[in-house]
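For reference, the structure discussed in these notes is given below.
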Amino acid sequence: MKKILFFFLFYAFAQAQTFKNPLLPAGADPWSIYKDGFYFYMHTTGKDLTIWKTKDLSQLATAQKTIIWTPPATGPYSKEIWAPELHFLQNKWYIYFAADDGRNRNHRLYVLENSSPDPTQGTWMMKGQLKTPQDKWAIDGSVFEHNGQMYLTWSGWEGDENGRQDIYLCKMSNPWTCVGKRIRIADPQFEWEHHGLLTRPGPDDKPIVLVNEGPQFLKSPNGRINIIFSASGCWTDYYALGMIHAAPTSDLINPASWKKHPTPVFWANNVSGTHAAGHNSFFKSPDGSQNWILYHANSEPGQGCGKQRAPRMQPFTFTADGVPVFGTPLSPGIEMSIPRVN
């Protein structure tokens with residue numbers, strides 16, 4: 001009897017030390033932040049803002065889940081709630097998300113604030129629109145700090161028509177206020193970024209839409225500044241991650257400081273069970289020794305931007321020169337060790 005119990009406990013322990021992708025049955029645009037021993041995770045639900053709380057991101061399926069905000073029935077931020085991100089800035093929690101009034105051309109960024117130590121508790125208050133310079137169409141807002149300056153990066157239109165999405169950057173004076181000018185730091189320039197033919201264009205769309213979106217800040221161990229973004233339409237199986245980078249001492253608001261990598265840095269090309277991998281974020285293991293990429297992907301080709309996209313994660317490394325090496329998106333069902341703990 002003791003032997004049976006021993007083997008059962010050993011098996012249970014071994015199982016708890018590994019995981020397999022996907023982490024949830026569905027969940028696009030995954031984001032996480034680690035604080036006070038917990039990961040707080042969000043993804044696009046489309047209808048509300050929900051936070052998952054867990055000590056282990058590989059166990060998202062059993063994590064505590066809290067709906068912290070539901071949009072009004074009508075108004076400028078009542079529909080199409082996309083790509084929420086949770087940040088802890090200046091001793092308060094902030095959520096950045098994109099929303100519109102039912103018309104895509106009216107998509108803008110919005111900010112919520114909460115002073116509670118735990119973002120699943122307390123009161124979330126609407127700070128209002130995060131008005132970007134020139135106030136054009138904007139989605140996928142992400143905030144980062146570098147050398148004491150706060151920045152916003154996002155995906156937007158140059159004008160008022162939807163034919164191309166570029167990556168923009170501007171300075172911020174506080175977590176809810178943009179200042180100065182916006183600069184374009186990336187646009188779809190290479191062939192692998194040009195897959196955007198729409199079979200059923202919407203009222204605000206051109207037949208082909210070229211896409212750079214989902215920008216994510218990643219600082220290398222040597223200080224190199226990287227922005228990882230998603231390229232080509234999410235409705236295509238060519239959706240992939242690209243990279244632009246700048247030197248740590250450069251002026252980030254100077255477009256000349258940014259260089260684009262000529263090829264995708266993370267692409268599910270002929271990977272069984274993994275298609276259109278993109279819109280990522282990053283996190284470290286609880287002990288701080290490992291870097292992980294969190295992203296969504298489809299399990300079948302041709303599933304596009306729908307509810308089939310599910311969150312996945314895998315570790316990555318850096319070269320001695322500070323270049324991130326993400327490898328290839330893995331097939332689902334491959335067993336991996338969970339992120340290292342203390």
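A note on labels: chains of the structure tokens are A, B, ... as shown, every chain counts residues from 1, and ligands are counted from 1 in their shown order.
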Open item on the list: Write out as a ChimeraX atom specification the set of residues from range 68-271 of chain A that DSSP, computed on the backbone, places in strand (DSSP E).
Closed with: /A:68-69,79-89,92-100,108-114,125-129,138-146,149-156,162-174,177-186,205-219,225-231,240-246,259-260
For range 295-306 of chain A, find every residue with an atom within 8 Å (counting only C-alpha atoms), except residues of its own chain fewer than 4 positions away, and show them as a compact mmCIF listing (two decimals) with C-alpha atoms, in the first residue's frame.
# COMPACT_ATOMS: atom_id res chain seq x y z
CA GLY A 27 -7.83 33.51 -25.61
CA ALA A 28 -6.31 35.97 -28.08
CA ASP A 29 -3.72 38.67 -27.33
CA PRO A 30 -2.41 37.14 -24.07
CA CYS A 234 -4.27 37.89 -38.36
CA TRP A 235 -6.85 36.50 -40.81
CA THR A 236 -4.00 34.82 -42.71
CA ASP A 237 -1.74 31.92 -41.80
CA GLY A 273 -1.20 22.08 -34.96
CA THR A 274 0.20 25.63 -34.75
CA HIS A 275 -0.84 28.31 -37.22
CA ALA A 276 -0.85 32.13 -37.31
CA ALA A 277 1.22 32.41 -34.12
CA GLY A 278 1.46 36.01 -32.98
CA HIS A 279 0.38 38.89 -30.73
CA ASN A 280 2.77 38.05 -27.94
CA SER A 281 3.95 39.34 -24.59
CA ALA A 310 -5.56 30.08 -27.81
CA PRO A 311 -2.71 31.18 -25.49
CA ARG A 312 0.58 29.28 -25.50
CA MET A 313 4.00 29.83 -23.97
CA PRO A 332 0.57 21.56 -29.18
- [ ] Excluding Lys127 in chain A and any residue of its chain fewer than 3 positions from it, enumerate the residues within 8 Å of it, using only C-alpha atoms, and give them as a list in words.
- [x]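 Final neighbour list, sorted by chain and number: Tyr110, Val111, Leu112, Glu113 and Trp176 of chain A.
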TODO: Find the residues near Gly75 in chain A: any atom within 10 Å, counting only C-alpha atoms, skip ones fewer than 5 places away on the same chain, and give them as a VMD selection string.
DONE: chain A and resid 99 to 102
Emit the selected residues as a compact mmCIF listing (two decimals), in the first residue's frame, including N, CA, C and O atoms.
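Output contents, as saved in again-v5.txt:
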# COMPACT_ATOMS: atom_id res chain seq x y z
N ALA A 99 -11.04 50.05 -27.79
CA ALA A 99 -12.48 49.83 -27.92
C ALA A 99 -13.05 50.84 -28.90
O ALA A 99 -12.41 51.85 -29.24
N ASP A 100 -14.28 50.58 -29.35
CA ASP A 100 -14.97 51.53 -30.22
C ASP A 100 -16.46 51.54 -29.90
O ASP A 100 -16.91 50.92 -28.94
N ASP A 101 -17.22 52.25 -30.73
CA ASP A 101 -18.67 52.38 -30.53
C ASP A 101 -19.45 51.46 -31.46
O ASP A 101 -20.65 51.63 -31.64
N GLY A 102 -18.77 50.51 -32.07
CA GLY A 102 -19.39 49.62 -33.04
C GLY A 102 -18.87 49.83 -34.44
O GLY A 102 -19.14 49.02 -35.34
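Neighbours of His245 in chain A closer than or equal to 8 Å, with only C-alpha atoms counted and sequence neighbours fewer than 2 positions away skipped, come out as Arg224, Ile225, Asn226, Ile227, Met243, Ala247, Trp258, Lys259 and Lys260 of chain A.
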Task: Within 12 Å of Gly122 in chain A using only C-alpha atoms, minus same-chain residues under 4 positions, as a VMD selection string - done: chain A and resid 66 68 to 69 92 to 93 113 to 118
Closest contacts (range 79-120 of chain A/range 146-154 of chain A, max 12 Å, only C-alpha atoms) as a tab-separated table:
residue	atom	partner	partner_atom	distance
A:Ala83	CA	A:Trp154	CA	10.9
A:Glu85	CA	A:Trp154	CA	12.0
A:Leu89	CA	A:Met150	CA	9.8
A:Gln90	CA	A:Met150	CA	11.0
A:Tyr96	CA	A:Leu152	CA	10.4
A:Phe97	CA	A:Trp154	CA	10.7
A:Ala98	CA	A:Trp154	CA	10.1
A:Arg108	CA	A:Trp154	CA	10.4
A:Leu109	CA	A:Trp154	CA	9.1
Task: Exercise: Trp267 in chain A partners within 7 Å, only C-alpha atoms, chain neighbours under 4 positions left out, as a ChimeraX atom specification - done: /A:240-241,277,328-329
Task: Point-to-point distance in Å for CA of Pro286 in chain A and CA of Lys35 in chain A - done: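 CA of Lys35 in chain A sits 9.5 Å away from CA of Pro286 in chain A.
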Task: Top pick for closest residue to Thr317 in chain A, considering A:Asn269, A:Ser220, A:Asn21, A:Ser257 and counting only C-alpha atoms - done: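 Using only C-alpha atoms, the shortest distance to Thr317 in chain A belongs to A:Ser220.
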Open item on the list: Can you measure CA of Val143 in chain A to CA of Tyr77 in chain A for me? One decimal in Å is fine.
Closed with: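 Between CA of Val143 in chain A and CA of Tyr77 in chain A the gap is 19.6 Å.
Residue nearest Thr263 in chain A, chosen from A:Thr120, A:Gln189, A:Gln17, A:Thr177 and counting only C-alpha atoms: A:Gln189.
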- [ ] Looking only at helix (DSSP H, G or I) from DSSP on the backbone, list the matching residues of range 96-294 of chain A as a list in words.
- [x]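 After running DSSP on the backbone, range 96-294 of chain A has helix (DSSP H, G or I) at Asn104, Arg105, Asn106, Glu191, Trp192, Glu193, Pro255, Ala256 and Ser257 of chain A.
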